[in-house]
>>> print(open('model24.txt').read())   # compact mmCIF, C-alpha atoms (C1' of nucleotides)
# COMPACT_ATOMS: atom_id res chain seq x y z
CA MET A 1 0.00 0.00 0.00
CA ASP A 2 2.78 2.38 0.85
CA GLU A 3 4.35 1.79 -2.52
CA ALA A 4 1.17 2.38 -4.49
CA LEU A 5 0.18 5.44 -2.49
CA LYS A 6 3.64 6.89 -2.86
CA ALA A 7 3.43 6.29 -6.57
CA LEU A 8 0.12 8.14 -6.69
CA ALA A 9 1.40 10.97 -4.53
CA ASP A 10 3.08 12.57 -7.51
CA GLY A 11 1.30 14.69 -10.05
CA THR A 12 3.39 13.60 -13.00
CA ARG A 13 2.71 9.95 -12.27
CA ARG A 14 -1.01 10.57 -11.87
CA ARG A 15 -1.00 12.25 -15.25
CA ILE A 16 0.88 9.32 -16.76
CA LEU A 17 -1.68 7.01 -15.25
CA ALA A 18 -4.46 9.07 -16.78
CA LEU A 19 -2.83 8.78 -20.19
CA VAL A 20 -2.39 5.03 -20.07
CA SER A 21 -5.86 4.47 -18.66
CA GLN A 22 -7.54 5.63 -21.80
CA GLN A 23 -5.36 3.55 -24.10
CA GLU A 24 -2.05 1.82 -24.08
CA ARG A 25 0.79 4.08 -25.10
CA THR A 26 4.47 3.78 -25.87
CA ALA A 27 7.04 5.27 -23.51
CA GLY A 28 7.96 7.83 -26.13
CA ASP A 29 4.38 8.84 -26.67
CA ILE A 30 3.89 9.34 -22.96
CA ALA A 31 7.10 11.35 -22.66
CA GLY A 32 5.84 13.56 -25.46
CA HIS A 33 3.11 14.84 -23.16
CA PHE A 34 5.55 16.20 -20.61
CA THR A 35 8.28 18.78 -20.44
CA VAL A 36 10.61 16.65 -18.37
CA SER A 37 13.13 14.47 -20.13
CA ARG A 38 12.31 11.07 -21.53
CA PRO A 39 14.50 9.22 -19.01
CA ALA A 40 12.61 10.94 -16.22
CA ILE A 41 9.38 9.52 -17.61
CA SER A 42 11.03 6.14 -17.98
CA GLN A 43 11.82 6.27 -14.27
CA HIS A 44 8.29 7.28 -13.36
CA LEU A 45 7.01 4.38 -15.41
CA ARG A 46 9.24 2.08 -13.44
CA VAL A 47 7.81 3.37 -10.17
CA LEU A 48 4.27 2.81 -11.44
CA LEU A 49 5.27 -0.62 -12.68
CA ASP A 50 6.82 -1.60 -9.36
CA ALA A 51 3.70 -0.37 -7.60
CA GLY A 52 1.61 -2.61 -9.84
CA LEU A 53 -0.38 0.31 -11.21
CA VAL A 54 0.64 -0.15 -14.83
CA SER A 55 1.78 -3.03 -16.99
CA VAL A 56 3.92 -3.26 -20.11
CA ARG A 57 3.79 -5.08 -23.36
CA GLY A 58 6.78 -5.13 -25.64
CA ASP A 59 6.43 -5.03 -29.39
CA GLY A 60 9.52 -4.63 -31.49
CA THR A 61 11.52 -1.75 -30.14
CA LYS A 62 8.44 -0.27 -28.57
CA ARG A 63 7.04 -0.79 -25.10
CA PHE A 64 3.33 -0.26 -24.64
CA TYR A 65 2.19 0.79 -21.19
CA ARG A 66 -1.30 0.63 -19.83
CA ALA A 67 -2.99 1.01 -16.47
CA ASP A 68 -3.23 -2.20 -14.48
CA ALA A 69 -6.83 -2.68 -13.43
CA LEU A 70 -5.94 -5.26 -10.81
CA GLY A 71 -3.36 -3.12 -9.09
CA LEU A 72 -5.61 -0.09 -9.17
CA ASP A 73 -8.52 -2.04 -7.82
CA ALA A 74 -6.40 -3.47 -5.04
CA LEU A 75 -5.39 0.00 -3.96
CA ARG A 76 -8.92 1.25 -4.22
CA SER A 77 -10.10 -1.55 -1.95
CA GLU A 78 -7.48 -0.72 0.63
CA MET A 79 -8.47 2.92 0.48
CA GLU A 80 -12.10 2.05 0.97
CA THR A 81 -11.16 0.07 4.03
CA LEU A 82 -9.27 3.08 5.24
CA TRP A 83 -12.29 5.32 4.71
CA ARG A 84 -14.53 2.85 6.42
CA GLY A 85 -12.24 2.69 9.40
CA ARG A 86 -11.90 6.44 9.66
CA LEU A 87 -14.41 8.62 8.00
CA ASP A 88 -17.56 6.62 8.60
CA LEU A 89 -16.52 6.19 12.16
CA LEU A 90 -16.01 9.93 12.42
CA LYS A 91 -19.47 10.56 11.15
CA ARG A 92 -20.99 8.31 13.75
CA GLU A 93 -18.84 9.91 16.40
CA ALA A 94 -19.83 13.39 15.42
CA GLU A 95 -23.43 12.37 15.76
CA ALA A 96 -22.89 10.70 19.09
CA GLU A 97 -20.89 13.69 20.20
CA ALA A 98 -23.74 16.00 19.40
CA ARG A 99 -26.04 13.99 21.61
CA ALA A 100 -23.85 13.36 24.60
CA ALA A 101 -20.26 12.88 25.65
CA GLU A 102 -20.81 11.10 28.92
CA LYS A 103 -19.55 7.76 27.83
CA ALA A 104 -15.83 8.25 28.22
CA ALA A 105 -14.36 4.90 27.58
CA ASN A 106 -10.63 5.37 27.72
CA ALA A 107 -8.71 2.18 27.58
CA HIS A 108 -5.08 2.66 26.67
CA GLU A 109 -2.80 -0.11 25.75
CA PRO A 110 0.59 0.99 24.57
CA GLU A 111 1.81 -0.74 21.51
CA GLY A 112 5.07 -0.29 19.72
CA GLU A 113 6.18 -0.62 16.19
CA THR A 114 8.41 1.05 13.69
CA SER A 115 7.08 2.56 10.56
CA MET B 1 -4.24 16.48 -3.40
CA ASP B 2 -0.54 15.91 -3.62
CA GLU B 3 -0.14 17.05 -0.06
CA ALA B 4 -2.86 14.82 1.35
CA LEU B 5 -1.77 11.78 -0.64
CA LYS B 6 1.81 12.27 0.41
CA ALA B 7 0.68 12.51 4.00
CA LEU B 8 -1.18 9.23 3.63
CA ALA B 9 1.73 7.56 1.85
CA ASP B 10 3.43 6.88 5.16
CA GLY B 11 2.56 4.03 7.47
CA THR B 12 3.24 5.92 10.66
CA ARG B 13 0.96 8.75 9.63
CA ARG B 14 -1.79 6.34 8.63
CA ARG B 15 -1.52 4.75 12.06
CA ILE B 16 -1.70 8.16 13.72
CA LEU B 17 -4.77 8.92 11.67
CA ALA B 18 -6.33 5.66 12.82
CA LEU B 19 -5.68 6.59 16.44
CA VAL B 20 -7.19 10.04 16.23
CA SER B 21 -10.16 8.79 14.24
CA GLN B 22 -11.47 6.77 17.11
CA GLN B 23 -11.14 9.59 19.63
CA GLU B 24 -9.24 12.78 20.06
CA ARG B 25 -5.87 12.25 21.65
CA THR B 26 -3.04 14.36 22.98
CA ALA B 27 0.28 14.46 21.18
CA GLY B 28 1.91 12.61 24.05
CA ASP B 29 -0.71 9.90 24.04
CA ILE B 30 -0.22 9.40 20.32
CA ALA B 31 3.55 9.31 20.67
CA GLY B 32 3.12 6.66 23.36
CA HIS B 33 1.87 4.27 20.70
CA PHE B 34 5.07 4.45 18.69
CA THR B 35 8.69 3.65 19.15
CA VAL B 36 9.94 6.72 17.35
CA SER B 37 10.68 9.83 19.35
CA ARG B 38 8.00 12.29 20.41
CA PRO B 39 9.36 15.08 18.20
CA ALA B 40 9.11 12.75 15.23
CA ILE B 41 5.42 12.28 15.99
CA SER B 42 5.04 16.01 16.43
CA GLN B 43 6.42 16.46 12.95
CA HIS B 44 4.11 13.83 11.51
CA LEU B 45 1.19 15.59 13.17
CA ARG B 46 2.24 18.80 11.51
CA VAL B 47 2.24 17.11 8.10
CA LEU B 48 -1.24 15.73 8.72
CA LEU B 49 -2.36 19.13 9.95
CA ASP B 50 -0.99 20.91 6.88
CA ALA B 51 -2.70 18.34 4.70
CA GLY B 52 -5.99 19.08 6.43
CA LEU B 53 -6.40 15.50 7.58
CA VAL B 54 -6.39 16.26 11.30
CA SER B 55 -7.28 19.24 13.47
CA VAL B 56 -6.11 20.37 16.90
CA ARG B 57 -7.72 21.74 19.99
CA GLY B 58 -5.59 23.22 22.73
CA ASP B 59 -6.47 22.78 26.37
CA GLY B 60 -4.00 23.92 28.95
CA THR B 61 -0.62 22.51 28.11
CA LYS B 62 -2.21 19.73 26.11
CA ARG B 63 -3.06 19.61 22.45
CA PHE B 64 -5.84 17.30 21.39
CA TYR B 65 -5.69 15.96 17.86
CA ARG B 66 -8.50 14.39 15.95
CA ALA B 67 -9.13 13.33 12.38
CA ASP B 68 -10.65 16.03 10.22
CA ALA B 69 -13.75 14.62 8.57
CA LEU B 70 -13.89 17.41 6.01
CA GLY B 71 -10.32 17.00 4.84
CA LEU B 72 -10.66 13.24 4.70
CA ASP B 73 -13.89 13.47 2.78
CA ALA B 74 -12.37 15.92 0.32
CA LEU B 75 -9.53 13.53 -0.39
CA ARG B 76 -11.90 10.64 -0.67
CA SER B 77 -13.93 12.52 -3.25
CA GLU B 78 -10.87 13.29 -5.30
CA MET B 79 -9.86 9.67 -5.14
CA GLU B 80 -13.29 8.57 -6.27
CA THR B 81 -12.99 10.89 -9.23
CA LEU B 82 -9.65 9.34 -9.96
CA TRP B 83 -11.10 5.85 -9.81
CA ARG B 84 -14.01 6.88 -11.98
CA GLY B 85 -11.68 8.29 -14.58
CA ARG B 86 -9.42 5.31 -14.59
CA LEU B 87 -10.56 2.13 -13.08
CA ASP B 88 -14.14 2.08 -14.21
CA LEU B 89 -13.01 2.83 -17.70
CA LEU B 90 -10.52 0.01 -17.44
CA LYS B 91 -13.18 -2.38 -16.28
CA ARG B 92 -15.34 -1.62 -19.28
CA GLU B 93 -12.33 -1.99 -21.51
CA ALA B 94 -11.31 -5.28 -19.98
CA GLU B 95 -14.81 -6.60 -20.47
CA ALA B 96 -14.95 -5.43 -24.05
CA GLU B 97 -11.55 -6.97 -24.57
CA ALA B 98 -12.67 -10.29 -23.18
CA ARG B 99 -15.66 -10.30 -25.48
CA ALA B 100 -13.53 -9.40 -28.46
CA ALA B 101 -11.02 -12.09 -27.63
CA GLU B 102 -13.80 -14.61 -27.52
CA LYS B 103 -14.97 -13.62 -30.95
CA ALA B 104 -11.74 -13.35 -32.84
CA ALA B 105 -8.92 -15.52 -31.66
CA ASN B 106 -7.47 -15.78 -35.11
CA ALA B 107 -7.76 -12.49 -37.02
CA HIS B 108 -5.19 -9.84 -36.17
CA GLU B 109 -6.06 -6.31 -37.11
CA PRO B 110 -3.64 -3.60 -36.09
CA GLU B 111 -5.86 -0.94 -34.58
CA GLY B 112 -5.36 1.94 -32.25
CA GLU B 113 -2.85 4.61 -33.03
CA THR B 114 -0.46 5.64 -30.27
CA SER B 115 -0.85 9.35 -30.43
C1' DC C 1 9.00 32.79 41.72
C1' DA C 2 10.86 27.80 40.76
C1' DG C 3 10.11 23.78 38.78
C1' DC C 4 7.48 20.41 36.30
C1' DT C 5 4.69 18.98 32.39
C1' DA C 6 3.33 18.87 27.59
C1' DC C 7 4.58 20.15 23.52
C1' DG C 8 6.72 22.44 19.42
C1' DT C 9 11.07 23.97 17.01
C1' DA C 10 16.05 23.97 15.56
C1' DA C 11 19.76 21.77 13.62
C1' DG C 12 21.95 18.02 11.77
C1' DT C 13 22.20 13.33 9.48
C1' DG C 14 21.50 9.46 6.46
C1' DA C 15 18.45 7.79 3.14
C1' DG C 16 15.52 8.46 -0.62
C1' DT C 17 13.40 11.19 -4.70
C1' DT C 18 13.52 13.58 -9.00
C1' DC C 19 15.72 15.32 -12.31
C1' DT C 20 19.61 15.84 -15.61
C1' DT C 21 23.15 14.23 -19.31
C1' DA C 22 25.71 10.48 -21.12
C1' DC C 23 25.75 5.81 -22.29
C1' DA C 24 24.07 0.94 -23.17
C1' DT C 25 20.88 -2.26 -25.33
C1' DA C 26 17.65 -4.17 -28.57
C1' DT C 27 15.13 -4.30 -32.79
C1' DA C 28 14.21 -3.06 -37.77
C1' DG C 29 15.77 -2.04 -42.21
C1' DC C 30 19.33 -1.26 -45.64
C1' DG D 1 27.40 -5.70 -40.43
C1' DC D 2 25.97 -0.64 -40.07
C1' DT D 3 22.69 2.74 -38.82
C1' DA D 4 18.51 4.73 -37.10
C1' DT D 5 14.89 4.22 -33.76
C1' DA D 6 12.90 3.26 -29.22
C1' DT D 7 13.93 2.70 -24.84
C1' DG D 8 16.20 1.52 -20.37
C1' DT D 9 20.33 2.35 -17.24
C1' DA D 10 24.25 4.86 -14.86
C1' DA D 11 25.94 8.51 -12.31
C1' DG D 12 25.55 12.57 -10.08
C1' DA D 13 23.33 17.16 -8.47
C1' DA D 14 19.73 19.27 -5.88
C1' DC D 15 16.32 18.59 -3.10
C1' DT D 16 13.11 16.37 0.26
C1' DC D 17 12.08 13.10 4.05
C1' DA D 18 12.05 10.85 8.51
C1' DC D 19 14.52 10.67 12.12
C1' DT D 20 17.58 12.03 16.05
C1' DT D 21 19.16 15.07 20.17
C1' DA D 22 19.10 19.56 22.18
C1' DC D 23 16.61 23.53 23.21
C1' DG D 24 12.60 26.87 23.60
C1' DT D 25 7.93 27.95 25.20
C1' DA D 26 3.41 27.89 27.39
C1' DG D 27 0.67 26.67 31.12
C1' DC D 28 0.03 24.51 35.62
C1' DT D 29 1.37 23.91 40.63
C1' DG D 30 3.78 24.27 44.95
>>> encode(input="model24.txt", output="structure tokens")
Amino acid sequence: MDEALKALADGTRRRILALVSQQERTAGDIAGHFTVSRPAISQHLRVLLDAGLVSVRGDGTKRFYRADALGLDALRSEMETLWRGRLDLLKREAEAEARAAEKAANAHEPEGETS
Amino acid sequence: MDEALKALADGTRRRILALVSQQERTAGDIAGHFTVSRPAISQHLRVLLDAGLVSVRGDGTKRFYRADALGLDALRSEMETLWRGRLDLLKREAEAEARAAEKAANAHEPEGETS
DNA sequence: CAGCTACGTAAGTGAGTTCTTACATATAGC
DNA sequence: GCTATATGTAAGAACTCACTTACGTAGCTG
């Protein structure tokens, strides 16, 4: 998840993803849509590839990239879980808060882990 | 969007967000759940704050953090737009592709220009 | 006031990111 | 084989990130 989110947390890569979502495109074609150098795009494509958000298909000297539906869907699912665990809970809390705040259940159990 | 996604693209920050989604917590309380130093958590909280994903409330010497429903919802909306623009389109394409593959497993017509 | 608590900020470090230019590799065609 | 095309890789500069320790600051409390 970290990898995919990090990949998405870059405007250039999101734009690349948009391009290859509509149709598969060669690396050169993609690079043509940006002002940064072609190698820079090649590196972004690698990041997206490693994150499982795009896939490649080679044909002759060309490499056709396209969005990877499976990888995207996997990330989307994880995000939905995240929203469910946070936002929906916040909504319920806000409602409960509005009614009363007498139920102060405060159980703390320290846990430890590195990021 | 970049800012919020970048904030989320870190496991520690996602865990902090999880903590302050369930209930508001002081910086010290939050830090108690991690092995990294308290200042490190303070810095993560600042990132989340700048991204609009959490909010603070001061009370005496304490600072209570909580998830910001508005900021989270805004990001979620942007993500949904992203999925709509990409994934859903991919799904339709994949389906169409599967149907086409069923039909013609022999003929090979070069279609689809790359630019 | 002194001192303690809770917390942010400063400064520095090692690792990682993003970009560049230069180079390597692979395929197609002559 | 030689050359052009399409693309990835290498190496390094500039910057950002996540972390550390040391210090500053605001509010309680004796």
>>> residues_around(input="model24.txt", residues="DC28 (chain D)", least_positions_apart="4", cutoff="9 Å", atoms="all atoms listed in the file", output="ChimeraX atom specification")
/B:60-61 /C:4-5
>>> closest_atom_pairs(input="model24.txt", of="chain D", to="chain B", cutoff="12 Å", atoms="all atoms listed in the file", output="tab-separated table")
residue	atom	partner	partner_atom	distance
D:DC17	C1'	B:Asp10	CA	10.7
D:DA18	C1'	B:Ala40	CA	7.6
D:DC19	C1'	B:Ala40	CA	6.6
D:DT20	C1'	B:Ser37	CA	8.0
D:DT21	C1'	B:Pro39	CA	10.0
D:DA22	C1'	B:Pro39	CA	11.4
D:DT25	C1'	B:Thr61	CA	10.5
D:DA26	C1'	B:Thr61	CA	6.8
D:DG27	C1'	B:Thr61	CA	5.3
D:DC28	C1'	B:Thr61	CA	7.8
>>> closest_residue(input="model24.txt", among="C:DT18, C:DA24, C:DC7, C:DA2", to="chain A", atoms="all atoms listed in the file")
C:DT18
>>> atom_distance(input="model24.txt", atom1="C1' of DG16 (chain C)", atom2="CA of Ala74 (chain A)")
25.3 Å
>>> residues_around(input="model24.txt", residues="Glu78 (chain B)", least_positions_apart="5", cutoff="12 Å", atoms="only C-alpha atoms (C1' of nucleotides)", output="VMD selection string")
chain B and resid 1 to 2 4 to 5 71 to 73 83 to 85
>>> interface_residues(input="model24.txt", of="chain B", to="chain A", cutoff="6 Å", atoms="only C-alpha atoms", output="PyMOL selection string")
chain B and resi 2+5-6+9+11-12+21+33-35+86+114
>>> write_last_selection(input="model24.txt", atoms="C-alpha atoms", output="mmCIF file, in the frame of the given file")
data_model
loop_
_atom_site.group_PDB
_atom_site.id
_atom_site.type_symbol
_atom_site.label_atom_id
_atom_site.label_comp_id
_atom_site.auth_asym_id
_atom_site.auth_seq_id
_atom_site.Cartn_x
_atom_site.Cartn_y
_atom_site.Cartn_z
ATOM 1 C CA ASP B 2 -0.540 15.910 -3.620
ATOM 2 C CA LEU B 5 -1.770 11.780 -0.640
ATOM 3 C CA LYS B 6 1.810 12.270 0.410
ATOM 4 C CA ALA B 9 1.730 7.560 1.850
ATOM 5 C CA GLY B 11 2.560 4.030 7.470
ATOM 6 C CA THR B 12 3.240 5.920 10.660
ATOM 7 C CA SER B 21 -10.160 8.790 14.240
ATOM 8 C CA HIS B 33 1.870 4.270 20.700
ATOM 9 C CA PHE B 34 5.070 4.450 18.690
ATOM 10 C CA THR B 35 8.690 3.650 19.150
ATOM 11 C CA ARG B 86 -9.420 5.310 -14.590
ATOM 12 C CA THR B 114 -0.460 5.640 -30.270
#
>>> atom_distance(input="model24.txt", atom1="C1' of DG12 (chain D)", atom2="C1' of DT21 (chain C)")
9.7 Å
>>> decode(input="model24.txt", residues="chain D", atoms="C-alpha atoms (C1' of nucleotides)", output="mmCIF file, in the first residue's frame")
data_model
loop_
_atom_site.group_PDB
_atom_site.id
_atom_site.type_symbol
_atom_site.label_atom_id
_atom_site.label_comp_id
_atom_site.auth_asym_id
_atom_site.auth_seq_id
_atom_site.Cartn_x
_atom_site.Cartn_y
_atom_site.Cartn_z
ATOM 1 C "C1'" DG D 1 27.398 -5.703 -40.428
ATOM 2 C "C1'" DC D 2 25.973 -0.643 -40.075
ATOM 3 C "C1'" DT D 3 22.690 2.739 -38.818
ATOM 4 C "C1'" DA D 4 18.509 4.735 -37.097
ATOM 5 C "C1'" DT D 5 14.887 4.216 -33.757
ATOM 6 C "C1'" DA D 6 12.902 3.264 -29.215
ATOM 7 C "C1'" DT D 7 13.935 2.703 -24.839
ATOM 8 C "C1'" DG D 8 16.201 1.524 -20.373
ATOM 9 C "C1'" DT D 9 20.326 2.346 -17.240
ATOM 10 C "C1'" DA D 10 24.254 4.859 -14.856
ATOM 11 C "C1'" DA D 11 25.942 8.507 -12.311
ATOM 12 C "C1'" DG D 12 25.551 12.572 -10.083
ATOM 13 C "C1'" DA D 13 23.326 17.156 -8.474
ATOM 14 C "C1'" DA D 14 19.728 19.267 -5.883
ATOM 15 C "C1'" DC D 15 16.321 18.592 -3.100
ATOM 16 C "C1'" DT D 16 13.108 16.365 0.258
ATOM 17 C "C1'" DC D 17 12.085 13.104 4.051
ATOM 18 C "C1'" DA D 18 12.051 10.853 8.513
ATOM 19 C "C1'" DC D 19 14.523 10.667 12.124
ATOM 20 C "C1'" DT D 20 17.579 12.029 16.052
ATOM 21 C "C1'" DT D 21 19.162 15.073 20.171
ATOM 22 C "C1'" DA D 22 19.101 19.563 22.180
ATOM 23 C "C1'" DC D 23 16.613 23.529 23.209
ATOM 24 C "C1'" DG D 24 12.604 26.866 23.603
ATOM 25 C "C1'" DT D 25 7.930 27.954 25.199
ATOM 26 C "C1'" DA D 26 3.409 27.891 27.388
ATOM 27 C "C1'" DG D 27 0.672 26.666 31.118
ATOM 28 C "C1'" DC D 28 0.034 24.513 35.615
ATOM 29 C "C1'" DT D 29 1.375 23.912 40.631
ATOM 30 C "C1'" DG D 30 3.780 24.271 44.951
#
